[in-house]
Amino acid sequence: MFYLDKILKISERYLLKTFSKGRLDEFLKKIAYLRKSKNRDEIIKSFSEIYIQFVKEDYQRQYQGVNDKLSTFIEKKDNGIKIIWGDCLKVMQGMKSESIHVMVTSPPYYNARDYSQWKNLNEYLEDMRKIICESYRVLDNHRVFVFNIGDIFDNDNLKTKSVWGKRRLPLGAYFIKIFEEQGFTFVDDFIWDKGEVQTERHKNGNRPYPFYQYPANCYEHILIFHKHRLDNTRYPCPICGTLKVNGNTQSEIGLMSWECKNLECFERSKSNRGKRFSLKTLITQSHQSKEYEISKDFIKKWRRDVLKFSPVIKINSRGENVLGHTAPFPESIPEFTIKMFTYRGEKVLDPFGGSFTSVIVAKKLNRIGIGIEINKKMFRDASLKNIKKSLASNLSNNKFVDISEFNYAEKKEKNNNWFKRKTFFSLWRIFSVF
Ligand SMILES: C[S@@+](CC[C@H](N)C(=O)[O-])C[C@H]1O[C@@H](n2cnc3c(N)ncnc32)[C@H](O)[C@@H]1O
Ligand SMILES: [Zn+2]
C-alpha cells in the first residue's frame, strides 16, 4: 500500500471530523500528488504542512472583516519593506486572522509627545486595549509580541489638570494587565538600562536632606507576551503522519498537546508512550538545523533580564533631529525579537511604525517587515529617507531600496462619502427641476 493511503486510512474518521465534505474533497485533491512519492518522510512532512494550512484557512474564513486590497498588499511578493499609512486599529481590523508571525513595537507613551495626545489616561488605555485585542487576533497562534514601554511621570488628567496632578504612571504594569485580559500570557520583562541620566528632575534644587532626593527614571521595560489560543484541532503525528492521536495534558495554558496512538508509529518512548507533540513543537522542532542557529554571543547577551544599551541618538552636533522622529527605539529591540522568535521569510509587524526601525531590521534579517504609522504627513519624508539610508549599505551596489506603500482608507468611510455624494446629487437633481 502507498504510504499516503495508509495515512488516509488510519486518519479517515478524524479527517471527517475536522473538515466539511467539500473541504475534505479539496484537501484530498491537493495531497493526491503525494501518492506518486516514494519518500516516506516527504509524504509525512507535506501531508502535515498542507493539513495545517487547510485548518488555518478554515479558521481565517470565520473572520468577516478582511480588506482584500490590504491583504493582497501584505501577501504580495515584493522587496519585503511594507509601509501602511493609517490608524493601526483600523488597519489590523482589515487584516486576516493569525497572518503575522511576530509583533514588536513601542507605542506612544500616553501624552509624552505632541503627535499623540489623549484627554486622560483612561481614554489612552482604552485605545491601547482595542489595539492589543486586534493584535491578538492577527498574530499567529503560539507566537510572540515584544512590547517596549517606559513608565512615565505625567498627569493622568483624571482628578485634576493642575501641575499637582502629576505622578508616576506605571505604564508597564498597566499594559501587562491589558495584555493578559486580551488573552496573552506574560512571559518576561527585560529591564532596559538606558545608562547615565542628564535630567535635573526630582533633585529638588539639590537640597541634600531627607525627603528631597528621588531617583530619575533611567530604564524601560521590554515585555514579552505569548499567544496561546486553545485550539482543539487534531494535528498529525510528526513521526507517522497520521491523525490517530489523543489529547495529552496541556504543556502551557492554551497550548494543546497530543500523543500518538498509532501502534504502527515508528517511534515510542522507553516507557512505551507514543510521540508527544503540539502545534508549537511541530513548528519549532522542524527548524533545528544549522541554518536556523542563533549565535552563542547573541544568546549570551540576552540571557540576563537586565540589559544596558544606549537609547538612539537622534540629535546631531548642530541640534538637528537627523532621524525626523522624536521617539525611535534602538535596533537591538527588533533584532532580539526577530532573531529569537522568527524564521527567515516570516512576517514581522510593528503597528506603531514611527521611523520604521522594526521594518529596517526585519529586512536586514531577511524577513518581511510591515510597519503601520498614522502620522503620514509628519513622518513620511524623513522615515522613507531613513529606511533608504539604513538599508542602502546592507544591499549590494546595484540593488534599489524598493519600499512598498499602502494608504489605508476604511471601507465604511468610502461608503459614507459615496452615500453623501449620492444624496447630494439626488437633492441637486430634485432642486434643478424647479
Ligand atoms: C514611540 S513611537 C514608535 C517609534 C518606532 N519604534 C521607531 O523606532 O521609530 C510611536 C509611533 O506611533 C504612532 N502612532 C500613534 N497612534 C497610532 C495609531 N493609532 N496607529 C498607528 N500609529 C500610531 C506615532 O505617530 C508614533 O510615530
Ligand atoms: Zn505517530
# chains A, B, ... in the order shown; residues from 1 in each chain; ligands from 1
>>> residues_near_ligand(ligand="ligand 2", cutoff="10 Å", atoms="only C-alpha atoms and all ligand atoms", output="list in words")
Pro236, Cys237, Pro238, Ile239, Cys240, Gly241, Thr242, Leu243, Lys244, Val245, Glu259, Cys260, Lys261, Asn262, Leu263, Glu264, Cys265, Phe266, Glu267, Arg268, Gly274, Lys275, Arg276 and Phe277 of chain A
>>> residues_near_ligand(ligand="ligand 1", cutoff="7 Å", atoms="only C-alpha atoms and all ligand atoms", output="short mmCIF file (atom, residue, chain, number, x, y, z; two decimals) with C-alpha atoms, in the first residue's frame")
data_model
loop_
_atom_site.label_atom_id
_atom_site.label_comp_id
_atom_site.auth_asym_id
_atom_site.auth_seq_id
_atom_site.Cartn_x
_atom_site.Cartn_y
_atom_site.Cartn_z
CA GLY A 86 -3.26 54.63 8.71
CA ASP A 87 -4.60 54.00 12.19
CA CYS A 88 -3.25 50.62 13.30
CA LEU A 89 -6.55 49.66 14.90
CA THR A 105 6.55 47.73 18.90
CA SER A 106 6.86 50.71 21.16
CA PRO A 107 3.56 52.59 21.47
CA PRO A 108 3.07 56.28 22.17
CA TYR A 109 3.75 56.75 25.90
CA TYR A 115 1.97 63.89 17.85
CA SER A 116 -0.23 61.62 20.01
CA HIS A 325 11.30 61.18 14.62
CA ALA A 327 10.99 58.61 19.75
CA PRO A 328 12.73 55.86 17.77
CA PHE A 329 13.80 52.71 19.59
CA PRO A 330 17.21 51.08 19.17
CA PRO A 351 1.71 48.64 14.50
CA PHE A 352 3.33 51.91 15.69
CA GLY A 353 5.93 52.19 12.96
CA GLY A 354 7.40 55.67 13.63
CA SER A 355 10.67 55.79 11.72
CA PHE A 356 10.22 52.08 10.89
CA THR A 357 13.19 50.71 12.80
CA SER A 358 11.44 47.29 13.01
CA ILE A 372 1.84 50.89 10.26
CA GLU A 373 2.03 54.61 11.01
CA ILE A 374 -0.78 57.12 11.47
CA ASN A 375 1.10 60.38 11.04
#
>>> closest_residue(among="A:Val348, A:Gly195, A:Leu384, A:Ser251", to="Val312 (chain A)", atoms="only C-alpha atoms")
A:Gly195
>>> atom_distance(atom1="CA of Ser390 (chain A)", atom2="CA of Ser135 (chain A)")
27.4 Å
>>> select_by_dssp(residues="region 221-313 of chain A", states="strand (DSSP E)", output="list in words")
His221, Ile222, Leu223, Ile224, Phe225, His226, Lys227, Val245, Asn246, Gly247, Asn248, Thr249, Gln250, Ser251, Glu252, Leu255, Met256, Ser257, Trp258, Glu259, Cys260, Arg276, Phe277, Ser278, Val306, Leu307 and Lys308 of chain A
>>> closest_atom_pairs(of="region 316-395 of chain A", to="region 213-225 of chain A", cutoff="12 Å", atoms="only C-alpha atoms", output="Markdown table")
| residue | atom | partner | partner_atom | distance |
| --- | --- | --- | --- | --- |
| A:Phe329 | CA | A:Glu220 | CA | 10.9 |
| A:Pro330 | CA | A:Ile222 | CA | 11.8 |
| A:Ser332 | CA | A:Ile222 | CA | 10.9 |
| A:Ile333 | CA | A:Ile222 | CA | 7.9 |
| A:Pro334 | CA | A:Ile222 | CA | 10.6 |
| A:Phe336 | CA | A:Ile222 | CA | 10.4 |
| A:Thr337 | CA | A:Ile224 | CA | 9.1 |
| A:Met340 | CA | A:Ile224 | CA | 11.4 |
| A:Phe341 | CA | A:Ile224 | CA | 10.7 |
>>> write_last_selection(atoms="C-alpha atoms", output="PDB file, in the first residue's frame")
ATOM      1  CA  PHE A 329      13.796  52.712  19.589  1.00  0.00           C
ATOM      2  CA  PRO A 330      17.212  51.077  19.166  1.00  0.00           C
ATOM      3  CA  SER A 332      18.504  45.941  19.434  1.00  0.00           C
ATOM      4  CA  ILE A 333      14.810  45.542  20.322  1.00  0.00           C
ATOM      5  CA  PRO A 334      13.521  44.320  16.940  1.00  0.00           C
ATOM      6  CA  PHE A 336      16.215  40.456  19.597  1.00  0.00           C
ATOM      7  CA  THR A 337      12.574  39.830  18.666  1.00  0.00           C
ATOM      8  CA  MET A 340      14.689  34.814  18.827  1.00  0.00           C
ATOM      9  CA  PHE A 341      11.126  34.353  17.581  1.00  0.00           C
TER      10      PHE A 341
END
>>> decode(residues="region 190-343 of chain A", atoms="C-alpha atoms", output="CSV table (one decimal), in the first residue's frame")
chain,number,residue,atom,x,y,z
A,190,PHE,CA,13.6,42.8,30.4
A,191,ILE,CA,14.7,45.9,32.2
A,192,TRP,CA,16.5,48.1,29.6
A,193,ASP,CA,19.0,50.2,31.5
A,194,LYS,CA,19.4,53.4,29.4
A,195,GLY,CA,22.6,54.5,31.1
A,196,GLU,CA,23.5,57.8,32.7
A,197,VAL,CA,20.8,60.4,33.3
A,198,GLN,CA,21.2,64.0,32.4
A,199,THR,CA,17.9,65.3,33.8
A,200,GLU,CA,17.6,67.7,36.8
A,201,ARG,CA,14.1,66.4,37.6
A,202,HIS,CA,13.5,65.1,41.1
A,203,LYS,CA,16.6,66.7,42.6
A,204,ASN,CA,14.6,69.5,44.3
A,205,GLY,CA,17.3,72.1,43.8
A,206,ASN,CA,20.0,69.6,45.0
A,207,ARG,CA,18.9,70.0,48.7
A,208,PRO,CA,20.7,67.2,50.4
A,209,TYR,CA,18.1,66.4,53.1
A,210,PRO,CA,15.7,63.6,53.8
A,211,PHE,CA,12.6,63.5,51.5
A,212,TYR,CA,14.1,65.8,48.9
A,213,GLN,CA,16.0,63.4,46.7
A,214,TYR,CA,14.4,60.8,44.4
A,215,PRO,CA,15.9,58.8,41.6
A,216,ALA,CA,15.5,59.6,37.9
A,217,ASN,CA,13.8,57.1,35.8
A,218,CYS,CA,16.5,55.6,33.6
A,219,TYR,CA,15.0,52.3,32.5
A,220,GLU,CA,12.3,51.0,30.2
A,221,HIS,CA,10.5,47.6,30.0
A,222,ILE,CA,10.8,45.2,27.1
A,223,LEU,CA,7.8,42.9,27.8
A,224,ILE,CA,7.4,39.5,26.2
A,225,PHE,CA,4.0,38.0,25.7
A,226,HIS,CA,2.9,34.7,24.2
A,227,LYS,CA,-0.3,34.0,22.4
A,228,HIS,CA,-1.8,30.5,23.1
A,229,ARG,CA,-5.3,30.4,21.7
A,230,LEU,CA,-6.6,27.0,22.7
A,231,ASP,CA,-7.1,25.1,19.5
A,232,ASN,CA,-8.5,21.6,19.9
A,233,THR,CA,-8.0,20.6,16.3
A,234,ARG,CA,-6.1,17.3,15.9
A,235,TYR,CA,-2.7,17.7,14.2
A,236,PRO,CA,-0.8,14.9,12.5
A,237,CYS,CA,1.9,13.0,14.4
A,238,PRO,CA,5.3,14.3,13.1
A,239,ILE,CA,6.7,10.7,13.1
A,240,CYS,CA,4.0,8.7,11.3
A,241,GLY,CA,1.8,11.5,9.8
A,242,THR,CA,-1.5,10.0,11.0
A,243,LEU,CA,-4.2,11.8,12.9
A,244,LYS,CA,-4.7,8.9,15.3
A,245,VAL,CA,-3.6,11.0,18.3
A,246,ASN,CA,-5.2,11.6,21.7
A,247,GLY,CA,-5.2,14.7,23.8
A,248,ASN,CA,-2.4,14.9,26.4
A,249,THR,CA,-2.2,17.4,29.2
A,250,GLN,CA,-1.6,21.0,28.0
A,251,SER,CA,2.1,21.9,28.1
A,252,GLU,CA,1.2,25.5,28.8
A,253,ILE,CA,-2.1,27.2,29.4
A,254,GLY,CA,-3.8,27.3,26.0
A,255,LEU,CA,-1.3,25.0,24.3
A,256,MET,CA,-2.9,21.7,23.3
A,257,SER,CA,-0.7,18.7,23.4
A,258,TRP,CA,-1.1,15.4,21.7
A,259,GLU,CA,0.1,11.8,22.0
A,260,CYS,CA,0.3,9.4,19.0
A,261,LYS,CA,-1.9,6.3,19.4
A,262,ASN,CA,-1.0,4.7,16.1
A,263,LEU,CA,0.5,1.4,17.1
A,264,GLU,CA,2.4,1.2,13.8
A,265,CYS,CA,4.1,4.6,14.5
A,266,PHE,CA,7.9,4.4,14.1
A,267,GLU,CA,8.8,6.0,17.5
A,268,ARG,CA,7.9,5.0,21.0
A,269,SER,CA,9.4,6.2,24.2
A,270,LYS,CA,11.3,3.9,26.6
A,271,SER,CA,8.2,3.7,28.8
A,272,ASN,CA,6.2,2.8,25.6
A,273,ARG,CA,4.5,6.1,25.2
A,274,GLY,CA,3.6,7.4,21.7
A,275,LYS,CA,5.2,10.6,20.3
A,276,ARG,CA,4.1,13.6,22.3
A,277,PHE,CA,3.8,16.9,20.4
A,278,SER,CA,1.9,20.2,20.0
A,279,LEU,CA,1.3,22.6,17.1
A,280,LYS,CA,4.1,24.6,18.6
A,281,THR,CA,6.6,21.8,18.6
A,282,LEU,CA,5.6,20.9,15.1
A,283,ILE,CA,7.0,24.3,14.2
A,284,THR,CA,10.0,24.5,16.5
A,285,GLN,CA,11.3,21.0,16.1
A,286,SER,CA,11.3,21.2,12.3
A,287,HIS,CA,13.5,24.3,12.4
A,288,GLN,CA,16.6,23.0,14.2
A,289,SER,CA,19.2,22.7,11.6
A,290,LYS,CA,22.4,24.8,11.2
A,291,GLU,CA,20.7,27.5,9.1
A,292,TYR,CA,18.4,28.4,11.9
A,293,GLU,CA,21.1,28.7,14.6
A,294,ILE,CA,21.4,31.8,16.7
A,295,SER,CA,25.0,32.8,17.6
A,296,LYS,CA,26.2,32.0,21.1
A,297,ASP,CA,27.2,35.6,21.8
A,298,PHE,CA,23.7,36.8,20.9
A,299,ILE,CA,22.1,34.3,23.2
A,300,LYS,CA,24.5,35.3,26.0
A,301,LYS,CA,23.7,39.0,25.5
A,302,TRP,CA,20.0,38.4,26.1
A,303,ARG,CA,20.5,35.8,28.8
A,304,ARG,CA,20.1,38.3,31.7
A,305,ASP,CA,16.9,40.2,32.0
A,306,VAL,CA,18.6,43.4,32.9
A,307,LEU,CA,20.4,44.9,29.9
A,308,LYS,CA,22.3,48.0,29.2
A,309,PHE,CA,22.4,49.7,25.8
A,310,SER,CA,22.2,53.3,24.7
A,311,PRO,CA,19.0,54.9,23.5
A,312,VAL,CA,19.0,56.2,19.9
A,313,ILE,CA,20.9,59.4,19.4
A,314,LYS,CA,18.8,61.4,17.1
A,315,ILE,CA,20.2,65.0,17.5
A,316,ASN,CA,23.4,65.9,15.7
A,317,SER,CA,26.0,68.4,16.8
A,318,ARG,CA,24.1,71.2,15.2
A,319,GLY,CA,21.0,70.4,17.3
A,320,GLU,CA,19.1,68.9,14.3
A,321,ASN,CA,17.0,65.8,14.5
A,322,VAL,CA,18.7,63.5,12.0
A,323,LEU,CA,16.0,60.8,12.1
A,324,GLY,CA,13.0,63.0,11.7
A,325,HIS,CA,11.3,61.2,14.6
A,326,THR,CA,11.5,62.1,18.3
A,327,ALA,CA,11.0,58.6,19.8
A,328,PRO,CA,12.7,55.9,17.8
A,329,PHE,CA,13.8,52.7,19.6
A,330,PRO,CA,17.2,51.1,19.2
A,331,GLU,CA,17.7,48.3,16.6
A,332,SER,CA,18.5,45.9,19.4
A,333,ILE,CA,14.8,45.5,20.3
A,334,PRO,CA,13.5,44.3,16.9
A,335,GLU,CA,16.8,42.5,16.4
A,336,PHE,CA,16.2,40.5,19.6
A,337,THR,CA,12.6,39.8,18.7
A,338,ILE,CA,13.3,38.7,15.1
A,339,LYS,CA,16.3,36.5,15.9
A,340,MET,CA,14.7,34.8,18.8
A,341,PHE,CA,11.1,34.4,17.6
A,342,THR,CA,11.0,34.1,13.8
A,343,TYR,CA,12.4,32.2,10.8
